[in-house]
Amino acid sequence: MSRESAEDTLRISFKCPVCSELIEIKVSKASIDSTPAGVLTLPILHEHESFGPHLIVISIDSNGFVRSGYLYRHLIKVSRGEMLELQRKLGEQLMQCTSDAHQLVFSSKFDPVKDIDRIIEIFKFKYREEIFMTIIGRMVSLRILERERKMLSKYRGLKSLIDKIIIPLLKKIKVNARCYLGLGDTVEILSSNFSLEFILGFIDGILMKIKETAKMDYRVIPESLNPPLIRICEVGAATS
């Protein structure tokens with residue numbers, strides 16, 4: 001992934017998670033800065049000769065780095081006009097969901113550890129699961145770290161990030177995880193009541209805080225579904 005910034009816009013390029021083609025978009029800095037937690041989640045319509053049109057969803061931080069990208073599963077084999085309309089509606093839902101998640105998770109009504117199930121239940125009535133799970137996961141870890149700032153002082157590099165911060169915080173929300181044997185940059189999920197999308201968002205929230213405090217930027221990459229393996233990669237480093 002590369003990026004090129006102008007005075008008011010960010011020019012962002014990233015590999016499509018569906019067809020692997022390089023996509024370039026322009027995003028205004030103001031639109032990112034105005035979002036809760038400084039992450040803008042966007043639906044993008046991508047057309048490809050072999051794969052056909054598909055709608056993907058990406059999250060961009062204030063520096064123009066793509067923090068996540070995935071296919072919106074429910075939009076398959078529809079006309080371009082229908083795709084554009086669904087893209088518009090999904091964009092509105094994503095913006096509203098991010099605002100709702102920030103307001104709810106950061107309110108005094110809920111405990112970010114004890115009340116996760118209640119928070120998820122509230123969102124199930126309003127949004128599709130693939131829309132809100134990553135957003136909720138990110139907001140929950142940001143909220144936990146807001147009140148447990150000392151956790152971040154344990155950062156001494158990638159190994160300490162995983163062993164001393166990511167795994168203990170996952171265990172706080174009753175996700176059983178460990179560093180995957182033989183791979184020091186990979187987290188293995190042994191058991192969890194939460195979806196992989198939620199866990200990816202949760203870890204990404206931690207990485208955002210590390211970037212803010214330690215000035216080191218990492219991204220989260222799902223490596224395997226069975227067993228669930230999540231790789232933590234420094235931005236700019238090779239991922240293959």
# chains A, B, ... in the order shown; residues from 1 in each chain; ligands from 1
call {"tool": "residues_around", "arguments": {"residues": "stretch 25-39 of chain A", "least_positions_apart": "4", "cutoff": "10 Å", "atoms": "only C-alpha atoms", "output": "PyMOL selection string"}}
result
chain A and resi 3-14+44+58-67+95+98-103+135+138-139+142+205+208
call {"tool": "residues_around", "arguments": {"residues": "A:Ile166", "least_positions_apart": "5", "cutoff": "8 Å", "atoms": "only C-alpha atoms", "output": "list in words"}}
result
Leu161, Ile203 and Ile206 of chain A
call {"tool": "residues_around", "arguments": {"residues": "A:Asp115", "least_positions_apart": "6", "cutoff": "10 Å", "atoms": "only C-alpha atoms", "output": "list of chain:residue names"}}
result
A:Val105, A:Lys109, A:Glu121, A:Ile173
call {"tool": "residues_around", "arguments": {"residues": "A:Gly91", "least_positions_apart": "6", "cutoff": "12 Å", "atoms": "only C-alpha atoms", "output": "ChimeraX atom specification"}}
result
/A:40-45,55-59,72,83-85,97-98,131
call {"tool": "write_last_selection", "arguments": {"atoms": "C-alpha atoms", "output": "PDB file, in the first residue's frame"}}
result
ATOM      1  CA  LEU A  40     -13.145   6.568   8.250  1.00  0.00           C
ATOM      2  CA  THR A  41     -14.910   3.430   6.993  1.00  0.00           C
ATOM      3  CA  LEU A  42     -15.967   3.558   3.337  1.00  0.00           C
ATOM      4  CA  PRO A  43     -17.695   1.289   0.816  1.00  0.00           C
ATOM      5  CA  ILE A  44     -15.990   1.265  -2.600  1.00  0.00           C
ATOM      6  CA  LEU A  45     -17.494  -0.083  -5.811  1.00  0.00           C
ATOM      7  CA  LEU A  55     -18.360  -3.790  -3.198  1.00  0.00           C
ATOM      8  CA  ILE A  56     -15.541  -3.711  -0.672  1.00  0.00           C
ATOM      9  CA  VAL A  57     -15.333  -1.898   2.651  1.00  0.00           C
ATOM     10  CA  ILE A  58     -12.126  -0.240   3.865  1.00  0.00           C
ATOM     11  CA  SER A  59     -11.135   1.678   6.995  1.00  0.00           C
ATOM     12  CA  TYR A  72     -19.360  -6.779   1.561  1.00  0.00           C
ATOM     13  CA  MET A  83     -24.616  -1.455  -6.729  1.00  0.00           C
ATOM     14  CA  LEU A  84     -24.272   2.339  -6.744  1.00  0.00           C
ATOM     15  CA  GLU A  85     -27.463   2.748  -4.745  1.00  0.00           C
ATOM     16  CA  CYS A  97     -22.751   3.050  12.889  1.00  0.00           C
ATOM     17  CA  THR A  98     -19.344   4.581  13.710  1.00  0.00           C
ATOM     18  CA  ILE A 131     -20.939  -3.684   9.242  1.00  0.00           C
TER      19      ILE A 131
END
call {"tool": "atom_distance", "arguments": {"atom1": "atom CA of A:Arg219", "atom2": "atom CA of A:Ser68"}}
result
8.1 Å
call {"tool": "select_by_dssp", "arguments": {"residues": "stretch 112-216 of chain A", "states": "strand (DSSP E)", "output": "list in words"}}
result
Asn176, Ala177, Arg178, Cys179, Thr186, Val187, Glu188, Ile189, Leu190 and Ser191 of chain A
call {"tool": "write_last_selection", "arguments": {"atoms": "N, CA, C and O atoms", "output": "short mmCIF file (atom, residue, chain, number, x, y, z; two decimals), in the first residue's frame"}}
result
data_model
loop_
_atom_site.label_atom_id
_atom_site.label_comp_id
_atom_site.auth_asym_id
_atom_site.auth_seq_id
_atom_site.Cartn_x
_atom_site.Cartn_y
_atom_site.Cartn_z
N ASN A 176 -9.55 -16.40 24.60
CA ASN A 176 -8.37 -17.19 24.92
C ASN A 176 -7.42 -17.16 23.73
O ASN A 176 -7.74 -17.67 22.66
N ALA A 177 -6.25 -16.53 23.92
CA ALA A 177 -5.31 -16.36 22.81
C ALA A 177 -3.89 -16.60 23.29
O ALA A 177 -3.60 -16.54 24.49
N ARG A 178 -3.00 -16.86 22.34
CA ARG A 178 -1.59 -17.02 22.65
C ARG A 178 -0.77 -16.65 21.42
O ARG A 178 -1.30 -16.57 20.30
N CYS A 179 0.51 -16.44 21.63
CA CYS A 179 1.41 -16.24 20.50
C CYS A 179 1.57 -17.58 19.79
O CYS A 179 1.84 -18.60 20.44
N THR A 186 2.49 -13.52 15.27
CA THR A 186 1.15 -14.03 14.99
C THR A 186 0.42 -14.45 16.26
O THR A 186 0.99 -15.13 17.11
N VAL A 187 -0.84 -14.03 16.38
CA VAL A 187 -1.69 -14.37 17.51
C VAL A 187 -2.62 -15.49 17.10
O VAL A 187 -3.26 -15.43 16.04
N GLU A 188 -2.71 -16.54 17.92
CA GLU A 188 -3.64 -17.64 17.68
C GLU A 188 -4.82 -17.52 18.63
O GLU A 188 -4.64 -17.36 19.84
N ILE A 189 -6.02 -17.55 18.09
CA ILE A 189 -7.23 -17.51 18.90
C ILE A 189 -7.65 -18.94 19.22
O ILE A 189 -8.02 -19.71 18.33
N LEU A 190 -7.57 -19.30 20.48
CA LEU A 190 -7.89 -20.67 20.90
C LEU A 190 -9.39 -20.85 21.12
O LEU A 190 -9.94 -21.89 20.78
N SER A 191 -10.04 -19.85 21.70
CA SER A 191 -11.49 -19.90 21.89
C SER A 191 -12.01 -18.49 22.10
O SER A 191 -11.32 -17.63 22.66
#
call {"tool": "closest_residue", "arguments": {"among": "A:Gln93, A:Tyr180, A:Leu169, A:Leu104", "to": "A:Arg118", "atoms": "only C-alpha atoms"}}
result
A:Leu104
call {"tool": "atom_distance", "arguments": {"atom1": "atom CA of A:Met133", "atom2": "atom CA of A:Phe198"}}
result
4.7 Å
call {"tool": "select_by_dssp", "arguments": {"residues": "stretch 145-199 of chain A", "states": "helix (DSSP H, G or I)", "output": "ChimeraX atom specification"}}
result
/A:145-147,149-154,158-172,196-199
call {"tool": "closest_residue", "arguments": {"among": "A:Leu152, A:Met216, A:Ile136, A:Leu196", "to": "A:Val175", "atoms": "only C-alpha atoms"}}
result
A:Leu196
call {"tool": "closest_residue", "arguments": {"among": "A:Asp204, A:Asp185, A:Glu47, A:Asp111", "to": "A:Glu223", "atoms": "only C-alpha atoms"}}
result
A:Asp185
call {"tool": "closest_residue", "arguments": {"among": "A:Leu94, A:Lys174, A:Ser195, A:Thr213", "to": "A:Arg149", "atoms": "only C-alpha atoms"}}
result
A:Thr213
call {"tool": "closest_residue", "arguments": {"among": "A:Gly182, A:Pro228, A:Pro168, A:Pro53", "to": "A:Gln87", "atoms": "only C-alpha atoms"}}
result
A:Pro53
call {"tool": "atom_distance", "arguments": {"atom1": "atom CA of A:Ser224", "atom2": "atom CA of A:Asp117"}}
result
25.1 Å
